[in-house]
Amino acid sequence: MTDPYGDSPPLTEEQRAVVDLPWDTRLLVTAGAGSGKTHTVVRRLDALVGHEDPKEALEAGEILVLSFSRAAVRELRDRLARHGERARRVRVQTFDSWAYRLLVRAYPDEDWTSRSFDDRIRAATDAIEKGAVEAVEAGEQGPPAHVVIDEAQDLVGDRREMVEALLDRFQRSCGFTVVGDSAQGIYGFQIEDPTERAGETDRFFTWLRESYDDLVELGLTKNHRAKSPEARTALPLGAPLQNLADSPDGQVATAEALHAELRDRLLDLPSLGDLADGFALDALKAFPGTCAILTRDNRQALAVSELLYERGVEHALKRSLRDRPVPYWVAELLRRTESLTLTEARFLELLAEIPLPEGVEPLRCWRSLRAATRRTGRGNVDVAAVRRLVAEGRFPDELGDPETARLIVSTVHRAKGLEYDRVLLLSPPSVAELRKAHEDLDVPAEARALYVAMTRAREDLYHVTGPDISRIRFHRPSGRWYLGGWKKYERFGIQVMPGDIHREEPPGSQGADMSAIETQAYLLEHARPGEAVTLRMRHPLAAGPNQSPPYDLVHRDRIIGEASERFRRDLYAVETISRSWNVTWPAEITGLRVDTLETVAGSTAAGANAGLGTNGVWIAPRITGIGRYRRGKRAGEEQG
């Protein structure tokens with residue numbers, strides 16, 4: 001038999017101590033940056049399922065694994081597929097997707113798709129306390145016998161309360177493995193009130209210690225990621241950051257000192273200079289390994305991405321952790337099938353005809369969709385059930401678009417839990433400089449975020465000077481960044497976001513220069529990620545009350561979509577300075593890019609009328625970037 005662990009490192013003594021504990025242990029593991037946390041969790045899951053004593057072994061369905069982000073879920077799933085000899089069928093989900101699944105099954109008559117992420121989390125907490133977990137799992141393996149909580153340091157507010165309710169509900173019958181690192185807790189910003197936010201630091205860990213007298217605490221301290229002295233620069237400050245909560249009165253002062261030391265250590269490392277210079281750009285183009293440019297916030301990330309596109313540097317702008325586009329091959333698969341169900345052979349046959357993104361494994365797609373639709377028949381995938389997964393936002397996390405770009409531009413928060421051969425950080429400002437722009441600055445969070453950023457590197461760690469972001473401002477009512485001028489009323493561009501392209505009808509349905517069928521084929525063949533697109537005004541009449549005129553999405557002079565109502569309303573809000581303001585709508589919004597092609601669910605009648613079948617799903621482009629206005633009638637009359 002092939003050794004499933006043959007290409008992975010052997011367990012250290014620290015890791016072995018975690019893996020070998022019985023299933024009913026209440027375990028808290030402090031796992032420092034790069035300490036092999038995911039490797040250890042996978043081996044623990046395998047040990048729980050494959051224990052040599054049958055009485056101590058659990059079924060895969062008795063284990064529930066919850067993590068904070070889709071990236072962490074994908075990583076766990078990938079490791080389980082490669083190395084989980086016995087635990088490949090263990091459920092791994094984000095907190096949000098598990099909560100949604102629980103609510104849909106417990107209260108199927110409610111419209112959960114219209115509720116916000118936070119509303120659903122709060123509703124799931126209430127449902128847990130009322131016994132929903134036991135009710136929905138009846139007839140299967142029953143409630144979980146062991147729960148694994150990954151990235152526990154980022155459990156704050158509503159999500160923390162949900163997990164506490166889950167563990168409290170089954171405290172007499174359930175073991176758990178909680179893995180986290182206080183030094184990497186960077187999601188406290190989800191709590192808006194600064195005082196309440198400070199109280200959330202390590203609150204979940206404190207709750208565990210106070211709630212379980214039999215709690216076992218272990219640590220993973222050896223870093224296996226950093227291969228060079230540069231990559232190990234920040235590691236000595238991990239322990240002080242973990243202990244910040246021990247001195248609440250002096251926490252801010254201590255955090256400020258740690259931030260200053262981290263910043264000094266980073267600035268003492270080699271610099272690649274200005275990111276716009278030829279030297280830095282050539283270094284990015286020539287580097288053969290994986291590379292990330294990490295920024296403090298999304299404004300910086302958008303500016304860096306725009307700069308790289310202007311200079312011809314291929315890259316991907318990392319999406320929000322809550323952003324869950326369904327890959328385009330799902331729509332194409334359902335459009336090509338003529339049956340209500342798909343056997344494995346037919347599924348794989350159809351998928352072989354579709355151009356798939358790099359990293360997509362057809363057999364894995366089959367297994368995941370079979371598991372997600374397992375109630376619909378033995379040995380088949382129900383086509384209608386797949387459509388429901390898309391429409392209800394329940395498509396399996398692990399089948400999302402694989403992010404395979406060699407160069408990534410990302411905020412520190414979106415790169416959480418990931419690692420790269422080379423990391424470039426925009427030279428960070430001091431705490432004093434940050435305070436000038438942020439009155440309620442969370443200094444401990446700033447220190448932890450800088451630590452997280454500096455510990456993503458395997459080999460190279462550099463700092464660079466980023467592009468000017470002074471003209472990129474935030475429009476709070478719409479939640480969008482826009483490009484302003486030196487005068488308060490000036491507007492020269494706007495950020496595009498997921499959902500800005502119309503989904504209710506297929507692109508090409510009305511008034512376009514290609515039919516819907518032709519548009520789908522064109523998207524598959526030509527609209528690659530990173531390709532330039534433009535929003536072009538169709539006519540100057542407003543599309544509705546408090547809306548801009550309609551805009552078509554144009555790629556190589558072909559219409560491939562149209563702006564959604566949400567975008568038109570937000571554009572109106574950003575452009576309308578006052579009620580008496582006379583807006584001159586841009587003729588075009590240029591400088592945008594294709595982020596990805598995604599499967600969307602809309603009107604089944606619209607899909608059928610367009611010749612795309614009766615499943616009500618099709619491919620739509622998703623766009624990204626900060627567009628620049630062209631207000632003149634002729635292309636080239638760019639403003640700003």
# chains A, B, ... in the order shown; residues from 1 in each chain; ligands from 1
call {"tool": "residues_around", "arguments": {"residues": "range 97-104 of chain A", "least_positions_apart": "4", "cutoff": "7 Å", "atoms": "only C-alpha atoms", "output": "MDAnalysis selection string"}}
result
chainID A and resid 93 108 120:121 124 394
call {"tool": "residues_around", "arguments": {"residues": "range 429-445 of chain A", "least_positions_apart": "4", "cutoff": "8 Å", "atoms": "only C-alpha atoms", "output": "list in words"}}
result
Gly185, Ile186, Gly188, Pro194, Leu244, Gln251, Val252, Ala255, Glu256, His259, Ala260, Arg263 and Ala449 of chain A
call {"tool": "closest_atom_pairs", "arguments": {"of": "range 138-236 of chain A", "to": "range 59-70 of chain A", "cutoff": "10 Å", "atoms": "only C-alpha atoms", "output": "Markdown table"}}
result
| residue | atom | partner | partner_atom | distance |
| --- | --- | --- | --- | --- |
| A:Glu140 | CA | A:Gly61 | CA | 8.2 |
| A:Gln141 | CA | A:Gly61 | CA | 6.0 |
| A:Gly142 | CA | A:Glu62 | CA | 7.2 |
| A:Pro143 | CA | A:Glu62 | CA | 6.9 |
| A:Pro144 | CA | A:Glu62 | CA | 4.7 |
| A:Ala145 | CA | A:Glu62 | CA | 5.3 |
| A:His146 | CA | A:Ile63 | CA | 5.0 |
| A:Val147 | CA | A:Leu64 | CA | 4.8 |
| A:Val148 | CA | A:Val65 | CA | 4.6 |
| A:Ile149 | CA | A:Leu66 | CA | 5.1 |
| A:Asp150 | CA | A:Ser67 | CA | 4.7 |
| A:Glu151 | CA | A:Phe68 | CA | 6.0 |
| A:Ala152 | CA | A:Phe68 | CA | 7.8 |
| A:Gln153 | CA | A:Phe68 | CA | 9.5 |
| A:Asp154 | CA | A:Phe68 | CA | 7.2 |
| A:Leu155 | CA | A:Phe68 | CA | 7.8 |
| A:Arg159 | CA | A:Phe68 | CA | 9.4 |
| A:Val163 | CA | A:Leu66 | CA | 9.3 |
| A:Cys174 | CA | A:Ile63 | CA | 9.7 |
| A:Gly175 | CA | A:Ile63 | CA | 9.6 |
| A:Phe176 | CA | A:Ile63 | CA | 9.3 |
| A:Thr177 | CA | A:Val65 | CA | 9.3 |
| A:Val178 | CA | A:Leu66 | CA | 9.8 |
| A:Val179 | CA | A:Ser67 | CA | 9.7 |
call {"tool": "residues_around", "arguments": {"residues": "range 607-611 of chain A", "least_positions_apart": "2", "cutoff": "12 Å", "atoms": "only C-alpha atoms", "output": "NGL selection string"}}
result
:A and (331 or 334-336 or 503-510 or 514-520 or 600-605 or 613-619)
call {"tool": "write_last_selection", "arguments": {"atoms": "N, CA, C and O atoms", "output": "compact mmCIF listing (two decimals), in the first residue's frame"}}
result
# COMPACT_ATOMS: atom_id res chain seq x y z
N ALA A 331 -22.12 25.97 -14.78
CA ALA A 331 -23.17 26.38 -15.73
C ALA A 331 -23.02 25.64 -17.05
O ALA A 331 -24.03 25.18 -17.64
N LEU A 334 -24.23 22.00 -16.65
CA LEU A 334 -25.69 21.86 -16.61
C LEU A 334 -26.32 22.20 -17.95
O LEU A 334 -27.35 21.62 -18.32
N ARG A 335 -25.74 23.13 -18.69
CA ARG A 335 -26.29 23.48 -20.00
C ARG A 335 -26.16 22.32 -20.98
O ARG A 335 -27.03 22.09 -21.84
N ARG A 336 -25.08 21.56 -20.85
CA ARG A 336 -24.82 20.49 -21.81
C ARG A 336 -25.54 19.20 -21.48
O ARG A 336 -25.69 18.33 -22.36
N ARG A 503 -27.47 39.74 -13.26
CA ARG A 503 -27.52 38.28 -13.20
C ARG A 503 -28.88 37.69 -13.52
O ARG A 503 -28.98 36.49 -13.78
N GLU A 504 -29.94 38.49 -13.47
CA GLU A 504 -31.29 37.93 -13.58
C GLU A 504 -31.57 37.35 -14.96
O GLU A 504 -32.38 36.45 -15.11
N GLU A 505 -30.90 37.90 -15.97
CA GLU A 505 -31.04 37.37 -17.33
C GLU A 505 -29.65 37.11 -17.90
O GLU A 505 -28.68 37.77 -17.52
N PRO A 506 -29.52 36.16 -18.82
CA PRO A 506 -28.19 35.86 -19.38
C PRO A 506 -27.65 37.04 -20.18
O PRO A 506 -28.42 37.77 -20.82
N PRO A 507 -26.35 37.28 -20.15
CA PRO A 507 -25.78 38.32 -21.01
C PRO A 507 -26.05 38.00 -22.48
O PRO A 507 -25.94 36.85 -22.90
N GLY A 508 -26.43 39.04 -23.22
CA GLY A 508 -26.77 38.85 -24.63
C GLY A 508 -28.24 38.61 -24.87
O GLY A 508 -28.66 38.38 -26.00
N SER A 509 -29.07 38.69 -23.81
CA SER A 509 -30.49 38.40 -23.98
C SER A 509 -31.23 39.51 -24.72
O SER A 509 -32.12 39.25 -25.51
N GLN A 510 -30.89 40.77 -24.44
CA GLN A 510 -31.65 41.87 -25.01
C GLN A 510 -30.70 42.93 -25.60
O GLN A 510 -29.84 43.46 -24.90
N MET A 514 -24.53 40.06 -29.76
CA MET A 514 -24.44 38.61 -29.85
C MET A 514 -25.62 38.01 -29.11
O MET A 514 -26.11 38.58 -28.13
N SER A 515 -26.07 36.83 -29.52
CA SER A 515 -27.12 36.13 -28.79
C SER A 515 -26.55 35.61 -27.48
O SER A 515 -25.34 35.62 -27.25
N ALA A 516 -27.45 35.15 -26.60
CA ALA A 516 -27.01 34.61 -25.32
C ALA A 516 -26.10 33.40 -25.52
O ALA A 516 -25.08 33.25 -24.83
N ILE A 517 -26.43 32.53 -26.47
CA ILE A 517 -25.61 31.35 -26.73
C ILE A 517 -24.24 31.77 -27.25
O ILE A 517 -23.20 31.25 -26.82
N GLU A 518 -24.22 32.74 -28.17
CA GLU A 518 -22.95 33.22 -28.70
C GLU A 518 -22.11 33.90 -27.61
O GLU A 518 -20.88 33.76 -27.57
N THR A 519 -22.79 34.62 -26.71
CA THR A 519 -22.08 35.30 -25.63
C THR A 519 -21.43 34.30 -24.68
O THR A 519 -20.30 34.49 -24.24
N GLN A 520 -22.15 33.22 -24.36
CA GLN A 520 -21.57 32.19 -23.50
C GLN A 520 -20.32 31.59 -24.12
O GLN A 520 -19.29 31.42 -23.46
N VAL A 600 -23.95 31.82 -12.34
CA VAL A 600 -24.97 32.53 -11.59
C VAL A 600 -26.33 31.90 -11.87
O VAL A 600 -26.54 31.28 -12.90
N ALA A 601 -27.23 32.07 -10.92
CA ALA A 601 -28.60 31.55 -11.06
C ALA A 601 -29.54 32.72 -11.22
O ALA A 601 -29.52 33.66 -10.43
N GLY A 602 -30.38 32.67 -12.25
CA GLY A 602 -31.36 33.72 -12.50
C GLY A 602 -32.70 33.12 -12.86
O GLY A 602 -33.06 32.05 -12.38
N SER A 603 -33.42 33.81 -13.71
CA SER A 603 -34.75 33.36 -14.10
C SER A 603 -34.67 32.13 -15.00
O SER A 603 -33.98 32.14 -16.02
N THR A 604 -35.37 31.08 -14.61
CA THR A 604 -35.37 29.87 -15.44
C THR A 604 -36.03 30.15 -16.79
O THR A 604 -35.61 29.62 -17.82
N ALA A 605 -37.08 31.00 -16.78
CA ALA A 605 -37.75 31.34 -18.04
C ALA A 605 -36.81 32.11 -18.95
O ALA A 605 -36.75 31.86 -20.16
N GLY A 613 -31.21 26.28 -21.94
CA GLY A 613 -31.74 25.18 -21.14
C GLY A 613 -32.68 25.67 -20.06
O GLY A 613 -32.95 26.87 -19.91
N THR A 614 -33.17 24.72 -19.28
CA THR A 614 -34.22 25.03 -18.29
C THR A 614 -33.70 25.07 -16.86
O THR A 614 -34.49 25.14 -15.93
N ASN A 615 -32.38 25.05 -16.68
CA ASN A 615 -31.86 25.01 -15.33
C ASN A 615 -31.71 26.40 -14.69
O ASN A 615 -31.50 26.50 -13.48
N GLY A 616 -31.79 27.46 -15.49
CA GLY A 616 -31.73 28.80 -14.93
C GLY A 616 -30.36 29.21 -14.43
O GLY A 616 -30.26 30.05 -13.54
N VAL A 617 -29.30 28.63 -14.99
CA VAL A 617 -27.94 29.05 -14.64
C VAL A 617 -27.17 29.33 -15.92
O VAL A 617 -27.44 28.75 -16.98
N TRP A 618 -26.21 30.24 -15.84
CA TRP A 618 -25.39 30.59 -16.99
C TRP A 618 -24.10 31.24 -16.51
O TRP A 618 -23.94 31.52 -15.32
N ILE A 619 -23.22 31.49 -17.44
CA ILE A 619 -21.93 32.11 -17.12
C ILE A 619 -22.07 33.63 -17.20
O ILE A 619 -22.67 34.16 -18.14
call {"tool": "select_by_dssp", "arguments": {"residues": "range 225-450 of chain A", "states": "strand (DSSP E or B)", "output": "ChimeraX atom specification"}}
result
/A:271-274,291-295,316-317,326-327,341-343,380-382,407-411,420-426
call {"tool": "write_last_selection", "arguments": {"atoms": "C-alpha atoms", "output": "CSV table (one decimal), in the first residue's frame"}}
result
chain,number,residue,atom,x,y,z
A,271,SER,CA,14.3,47.0,-0.1
A,272,LEU,CA,13.2,46.6,-3.7
A,273,GLY,CA,12.8,50.3,-3.8
A,274,ASP,CA,9.8,51.9,-5.5
A,291,CYS,CA,5.0,35.7,-4.6
A,292,ALA,CA,2.6,38.0,-2.7
A,293,ILE,CA,2.5,41.8,-2.4
A,294,LEU,CA,0.7,42.4,0.9
A,295,THR,CA,-1.0,45.6,1.8
A,316,ALA,CA,-4.4,38.2,-9.4
A,317,LEU,CA,-6.1,40.5,-6.9
A,326,VAL,CA,-19.3,29.5,-8.3
A,327,PRO,CA,-16.9,28.4,-11.1
A,341,THR,CA,-29.4,13.2,-13.1
A,342,LEU,CA,-25.8,12.5,-13.9
A,343,THR,CA,-23.9,9.3,-13.4
A,380,ASN,CA,-26.0,10.0,-9.2
A,381,VAL,CA,-25.8,13.8,-9.0
A,382,ASP,CA,-29.2,15.5,-9.2
A,407,LEU,CA,1.8,36.6,-8.2
A,408,ILE,CA,-0.9,37.7,-5.7
A,409,VAL,CA,-1.8,41.1,-4.6
A,410,SER,CA,-3.7,40.9,-1.3
A,411,THR,CA,-4.5,42.6,2.0
A,420,TYR,CA,4.5,32.2,-0.3
A,421,ASP,CA,8.1,31.8,-1.5
A,422,ARG,CA,8.6,35.6,-1.6
A,423,VAL,CA,6.7,38.3,0.2
A,424,LEU,CA,6.8,42.0,-0.5
A,425,LEU,CA,5.3,44.4,2.1
A,426,LEU,CA,4.4,48.0,1.4
call {"tool": "closest_atom_pairs", "arguments": {"of": "range 455-492 of chain A", "to": "range 555-566 of chain A", "cutoff": "12 Å", "atoms": "only C-alpha atoms", "output": "CSV"}}
result
residue,atom,partner,partner_atom,distance
A:Ser478,CA,A:Arg566,CA,9.5
A:Gly479,CA,A:Arg566,CA,11.8
A:Arg480,CA,A:Arg566,CA,11.9
call {"tool": "select_by_dssp", "arguments": {"residues": "range 507-548 of chain A", "states": "alpha helix (DSSP H)", "output": "list in words"}}
result
Ala516, Ile517, Glu518, Thr519, Gln520, Ala521, Tyr522, Leu523, Leu524, Glu525 and His526 of chain A
call {"tool": "atom_distance", "arguments": {"atom1": "CA of Glu446 in chain A", "atom2": "CA of Gln495 in chain A"}}
result
25.2 Å
call {"tool": "atom_distance", "arguments": {"atom1": "CA of Pro586 in chain A", "atom2": "CA of Lys318 in chain A"}}
result
27.9 Å
call {"tool": "atom_distance", "arguments": {"atom1": "CA of Ile623 in chain A", "atom2": "CA of Trp112 in chain A"}}
result
26.1 Å
call {"tool": "residues_around", "arguments": {"residues": "Arg74 in chain A", "least_positions_apart": "6", "cutoff": "9 Å", "atoms": "only C-alpha atoms", "output": "PyMOL selection string"}}
result
chain A and resi 92+397-400+402
call {"tool": "residues_around", "arguments": {"residues": "Ala371 in chain A", "least_positions_apart": "6", "cutoff": "10 Å", "atoms": "only C-alpha atoms", "output": "PyMOL selection string"}}
result
chain A and resi 89+91+365+381+396
